Each structure stands twice: as structure tokens, then as C-alpha cells.
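In what follows, a structure is listed as C-alpha cells, so that the remarks can point back to it.
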Amino acid sequence: MQSIFYFGRSFLLGLRQPFKPRLLCACSGVPRTHPFNQGPAHFGDDAFFIVENERRSVIGIADGVGGWRRYDVDPSKFTRSLMTNCERLARSTTTEILNPVGLLQRAYEQMMQMKSPLLGSCTACIVVMDKEKKEVSAANLGDSGFMVVRGDTVVYQSQEQQHYFNTPYQLSISTGRQGVIQDRPSDADIATISVQKGDLIVMATDGLFDNLFQKQIVDRLQHIDRYAPTYEDLKQVADKLAADARTHAMDESYMSPFAMKAQHYGLNFRGGKLDDITVLLASVVDCWSGENKEET
């Protein structure tokens, strides 16, 4: 007689599991100045994190405000600290933070509660994908951002937040310095978007979006097989996006998105914007698939 256990296992393996999404992610970037000013989770003053657990996929990015160098403050320390806090909270199995604003708020509070708080400011963007609801929730503060692309269609693109030209919303710790912009996580622009298998999420600092138009980004994404993406494919396209943005940033004759915004404000400017560039490229894939494993 056939074993009941064996039969049950064979039967279960034959069932088609319902689609449960996760994010397969790759990252690339170019620091603004020194080519070695980068590490496992940062490019120049930009920083990022990627977290995958049973309930959700979480990605985030932050861009340090370079103006702090006038006061001998390294803005990269602020961004790395904020993203490290976000990553630790997102990885915690006891942390019931299901929304990106809450995650950003807790991470920011932890920085303010340090005995010797780090001075600095940064923009931030957090995306949390709920695997059961099959949707992403996002909080974007400032001029970093993300877009959700389905095939050759942009399903959603976040809107940048500016107080005035080239002065984005930002989280700050200034210890009483006058005139420092200090926005709150609750000021972030929030959104919830349903996702499908094969959707691509491009999250980046303004080093990408100030130098590439939406169509240029979407055209690059067409080199990825939507339904059978690999980490290598995503990494290659992320590298190309970062390289494209860097090339345009150095072109003084290029009418960049940044130049068009400058002219809108009455400024006579042409060319790209030289800046740190960080790109997180994520594909919505099936948790149950044994393929498409992310490299570590």
C-alpha cells in the first residue's frame, strides 16, 4: 500500500500555488565626485536599503543635502544612519510597521534620540510591498522618488516636493541652527498602488530623475524580460540607467529635466545636473518560484 505521507506530499507539490509577490532587486550608482566614495549601501551622499521577509518587501533611498559641508558636516553620515535604522526596523520580526510613513518616523525618531545626534538633512523615499494584499505603499519626501512600470506604460510616478527651486522637502537635525528646513515624515507624499507579476519599480535619487526623462528610463526597461527576469538582467539595466544619467549630467549642451525646471523658474541654465546617482531597480516576481534568486 502506498504511504499516505508520500501521496499527500506528491499531491501538494502538484498543486499550483497562488501568486505571492516579492521584489527581486538590483542596485547601481555613481558618486558625484570621487569614484571610490561608495560602499555596500551608499554612493556618495546617497544611501539605500533592501529588506525581504515573509510578510513584505521593503526598499528605501535617501539623498543627503550637500549644503551641510559649509559647516564641516558630512551629509553622508546622516543618510546612512537613517537608512540603517529603516533597515533594522524593517528586518525586525517584532516590529509591526506596515506603512512607510511609520517606518520613516520611527527611524527618524531614533536618530533624534541619540546622545550626540548627527547633524544633517536628507530627502527620503520608502516603498513597502504587502505580499498578501499584492500592493505597494509608498512615502516620498523631497525630490527622490519612484515609478511603477508595466510593460511600456508608467502606472504611477511619484511627484517631487519642493519648497522652491532646488530646495526639496527634507528631514533635518540642526540642534538649533536658524533657517534650516525641517520637514516631518508625515509631510511625505503617500500612495498605494496594486502590483502585478512583471511590474518594474524604479526608485532613484534626483541624480537620475534630473538627468533622464521618463521615456528614456522606460525605453531602457524594455530590455528586461518582464515574466522571467534575472538579477543579472536587472543589474545590467540599473548600471545602464546610472551611466546614462552620468553621461547627461556631464553634457553642458543637453536640455535636461533639471534645465527645463530651471528655465521654468526664469533661470538661464542648460545642461545636466552633476550629482550622486543611485538607482534601485526591482521586479515583482513570484515568491513560490525557485528561479530569479537575488545575489547577495
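Scheme for the C-alpha cells: letters A, B, ... for chains in order shown; per-chain residue numbers from 1; ligand numbers from 1 in order shown.
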(request) Tell me which protein, DNA and RNA residues are within 8 Å of A:Ala238, counting only C-alpha atoms, leaving out same-chain ones fewer than 6 positions away, and put them as an MDAnalysis selection string. (result) chainID A and resid 26:28 279:281
Give me a file of those residues, with all heavy atoms, as a compact mmCIF listing (two decimals), in the first residue's frame.
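The resulting file, selection.txt, is reproduced below:
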```
# COMPACT_ATOMS: atom_id res chain seq x y z
N ALA A 26 17.99 44.94 -7.77
CA ALA A 26 19.39 45.20 -8.11
C ALA A 26 19.63 46.70 -7.92
O ALA A 26 18.71 47.51 -8.01
CB ALA A 26 19.69 44.80 -9.55
N CYS A 27 20.87 47.05 -7.66
CA CYS A 27 21.19 48.45 -7.39
C CYS A 27 22.43 48.86 -8.18
O CYS A 27 23.33 48.05 -8.44
CB CYS A 27 21.44 48.66 -5.90
SG CYS A 27 21.80 50.38 -5.47
N SER A 28 22.45 50.13 -8.56
CA SER A 28 23.64 50.69 -9.19
C SER A 28 23.73 52.17 -8.83
O SER A 28 22.75 52.76 -8.36
CB SER A 28 23.58 50.51 -10.71
OG SER A 28 24.80 50.92 -11.31
N VAL A 279 20.33 54.13 -8.15
CA VAL A 279 19.18 53.51 -8.81
C VAL A 279 18.91 52.16 -8.17
O VAL A 279 19.80 51.29 -8.14
CB VAL A 279 19.42 53.31 -10.32
CG1 VAL A 279 18.19 52.68 -10.97
CG2 VAL A 279 19.80 54.61 -11.00
N LEU A 280 17.70 51.97 -7.65
CA LEU A 280 17.23 50.65 -7.23
C LEU A 280 16.21 50.19 -8.27
O LEU A 280 15.22 50.88 -8.51
CB LEU A 280 16.55 50.70 -5.86
CG LEU A 280 17.42 50.98 -4.63
CD1 LEU A 280 16.56 50.96 -3.38
CD2 LEU A 280 18.52 49.97 -4.51
N LEU A 281 16.45 49.04 -8.87
CA LEU A 281 15.55 48.50 -9.88
C LEU A 281 15.00 47.18 -9.37
O LEU A 281 15.76 46.25 -9.07
CB LEU A 281 16.29 48.31 -11.20
CG LEU A 281 15.49 47.73 -12.37
CD1 LEU A 281 14.22 48.53 -12.64
CD2 LEU A 281 16.37 47.66 -13.62
```
(message) Please list as a PyMOL selection string every residue within 10 Å of A:Gln216, counting only C-alpha atoms and excluding residues in the same chain fewer than 4 positions away.
(response) chain A and resi 211-212+220-221+241+244-245
(message) Using Å and a single decimal, report how far atom CA of A:Cys122 sits from atom CA of A:Val73.
(response) 12.8 Å
Would you kindly return, as an mmCIF file with N, CA, C and O atoms, in the first residue's frame, each protein, DNA or RNA residue with an atom no farther than 7 Å from any atom of A:Leu200, considering only C-alpha atoms and excluding same-chain residues fewer than 6 positions away?
```cif
data_model
loop_
_atom_site.group_PDB
_atom_site.id
_atom_site.type_symbol
_atom_site.label_atom_id
_atom_site.label_comp_id
_atom_site.auth_asym_id
_atom_site.auth_seq_id
_atom_site.Cartn_x
_atom_site.Cartn_y
_atom_site.Cartn_z
ATOM 1 N N VAL A 148 6.367 53.055 -11.106
ATOM 2 C CA VAL A 148 5.943 51.681 -11.350
ATOM 3 C C VAL A 148 5.633 51.568 -12.831
ATOM 4 O O VAL A 148 4.827 52.324 -13.369
ATOM 5 N N VAL A 149 6.307 50.623 -13.493
ATOM 6 C CA VAL A 149 6.180 50.473 -14.947
ATOM 7 C C VAL A 149 5.646 49.085 -15.267
ATOM 8 O O VAL A 149 6.171 48.075 -14.780
ATOM 9 N N ARG A 150 4.619 49.049 -16.096
ATOM 10 C CA ARG A 150 4.004 47.781 -16.539
ATOM 11 C C ARG A 150 4.124 47.718 -18.058
ATOM 12 O O ARG A 150 3.445 48.438 -18.775
ATOM 13 N N ALA A 282 13.678 47.098 -9.226
ATOM 14 C CA ALA A 282 13.037 45.917 -8.642
ATOM 15 C C ALA A 282 11.974 45.373 -9.578
ATOM 16 O O ALA A 282 11.231 46.133 -10.210
ATOM 17 N N SER A 283 11.906 44.055 -9.657
ATOM 18 C CA SER A 283 10.874 43.383 -10.443
ATOM 19 C C SER A 283 9.952 42.624 -9.496
ATOM 20 O O SER A 283 10.407 41.999 -8.527
ATOM 21 N N VAL A 284 8.647 42.686 -9.763
ATOM 22 C CA VAL A 284 7.673 41.930 -8.978
ATOM 23 C C VAL A 284 7.650 40.499 -9.517
ATOM 24 O O VAL A 284 7.219 40.258 -10.651
#
```
(request) Check stretch 183-275 of chain A with DSSP on the backbone and list each residue it calls alpha helix (DSSP H), as a PyMOL selection string. (result) chain A and resi 206-209+214-221+231-249+257-264
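Distances here use only C-alpha atoms; by that measure, the residue among A:Ile277, A:Met260, A:Val285, A:Val195 closest to A:Tyr227 is A:Val285.
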(request) Can you work out which one of A:Gln196, A:Gln182, A:Ser172, A:Gln214 has the shortest atom-to-atom distance to A:Gly120, counting only C-alpha atoms? (result) A:Ser172
(message) Restricting the calculation to only C-alpha atoms: of A:Asn99, A:Ser57, A:Ser121, A:Gln159, which residue gets closest to A:Ala138?
(response)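 Between A:Asn99, A:Ser57, A:Ser121, A:Gln159, the residue approaching A:Ala138 most closely is A:Asn99.
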Tell me, as a CSV table (one decimal) with N, CA and C atoms, in the first residue's frame, which residues lie within 12 Å of stretch 111-114 of chain A, counting only C-alpha atoms; anything in the same chain fewer than 4 positions away does not count.
```csv
chain,number,residue,atom,x,y,z
A,77,LYS,N,26.8,60.8,6.5
A,77,LYS,CA,26.6,60.1,7.7
A,77,LYS,C,25.1,60.1,8.1
A,78,PHE,N,24.4,61.2,7.8
A,78,PHE,CA,23.0,61.4,8.2
A,78,PHE,C,22.2,60.4,7.4
A,79,THR,N,22.4,60.3,6.1
A,79,THR,CA,21.6,59.4,5.2
A,79,THR,C,21.9,58.0,5.6
A,80,ARG,N,23.1,57.6,5.8
A,80,ARG,CA,23.4,56.2,6.1
A,80,ARG,C,22.8,55.8,7.5
A,81,SER,N,22.8,56.7,8.4
A,81,SER,CA,22.2,56.4,9.7
A,81,SER,C,20.7,56.2,9.6
A,82,LEU,N,20.1,57.1,8.8
A,82,LEU,CA,18.6,56.9,8.6
A,82,LEU,C,18.3,55.6,7.9
A,83,MET,N,19.0,55.3,6.9
A,83,MET,CA,18.7,54.1,6.1
A,83,MET,C,19.0,52.8,6.9
A,84,THR,N,20.1,52.9,7.7
A,84,THR,CA,20.4,51.8,8.6
A,84,THR,C,19.3,51.5,9.6
A,85,ASN,N,18.8,52.6,10.2
A,85,ASN,CA,17.7,52.5,11.1
A,85,ASN,C,16.4,51.9,10.4
A,86,CYS,N,16.1,52.4,9.2
A,86,CYS,CA,15.0,51.8,8.5
A,86,CYS,C,15.2,50.3,8.2
A,104,LEU,N,9.5,55.4,8.5
A,104,LEU,CA,10.4,56.6,8.4
A,104,LEU,C,10.3,57.4,9.7
A,105,GLN,N,9.2,57.5,10.3
A,105,GLN,CA,9.0,58.2,11.5
A,105,GLN,C,9.8,57.6,12.6
A,106,ARG,N,9.7,56.2,12.8
A,106,ARG,CA,10.5,55.6,13.8
A,106,ARG,C,12.0,55.7,13.6
A,107,ALA,N,12.4,55.5,12.4
A,107,ALA,CA,13.9,55.6,12.1
A,107,ALA,C,14.4,57.0,12.4
A,118,LEU,N,23.4,63.2,15.0
A,118,LEU,CA,24.1,63.6,13.8
A,118,LEU,C,23.4,64.8,13.2
A,119,LEU,N,24.2,65.8,12.8
A,119,LEU,CA,23.6,66.9,12.1
A,119,LEU,C,23.5,66.6,10.6
A,120,GLY,N,22.5,67.1,10.0
A,120,GLY,CA,22.4,66.9,8.6
A,120,GLY,C,20.9,66.9,8.1
A,121,SER,N,20.7,66.7,6.8
A,121,SER,CA,19.4,66.7,6.2
A,121,SER,C,19.4,65.7,5.1
A,171,LEU,N,14.2,65.8,5.8
A,171,LEU,CA,14.3,65.6,7.2
A,171,LEU,C,15.6,66.2,7.7
A,172,SER,N,15.6,66.8,8.8
A,172,SER,CA,16.8,67.5,9.3
A,172,SER,C,16.9,67.3,10.8
A,173,ILE,N,18.2,67.4,11.3
A,173,ILE,CA,18.5,67.6,12.7
A,173,ILE,C,19.6,68.7,12.7
A,174,SER,N,19.2,69.8,13.3
A,174,SER,CA,20.0,71.0,13.2
A,174,SER,C,20.5,71.5,14.6
A,175,THR,N,20.0,71.0,15.7
A,175,THR,CA,20.3,71.4,17.0
A,175,THR,C,20.3,72.9,17.2
```
(message) as a PyMOL selection string, please: the residues near A:Met255 (cut-off 6 Å, only C-alpha atoms, same-chain neighbours under 2 positions excluded).
(response) chain A and resi 259+270-271
(request) Using only C-alpha atoms, find the one residue out of A:Ala41, A:Val51, A:Val202, A:Arg32 that sits nearest to A:Ala249. (result)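 The answer is A:Arg32, which sits nearest to A:Ala249.
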(message) What's the separation between atom CA of A:Lys20 and atom CA of A:Glu135, in Å to one decimal place?
(response) 10.8 Å
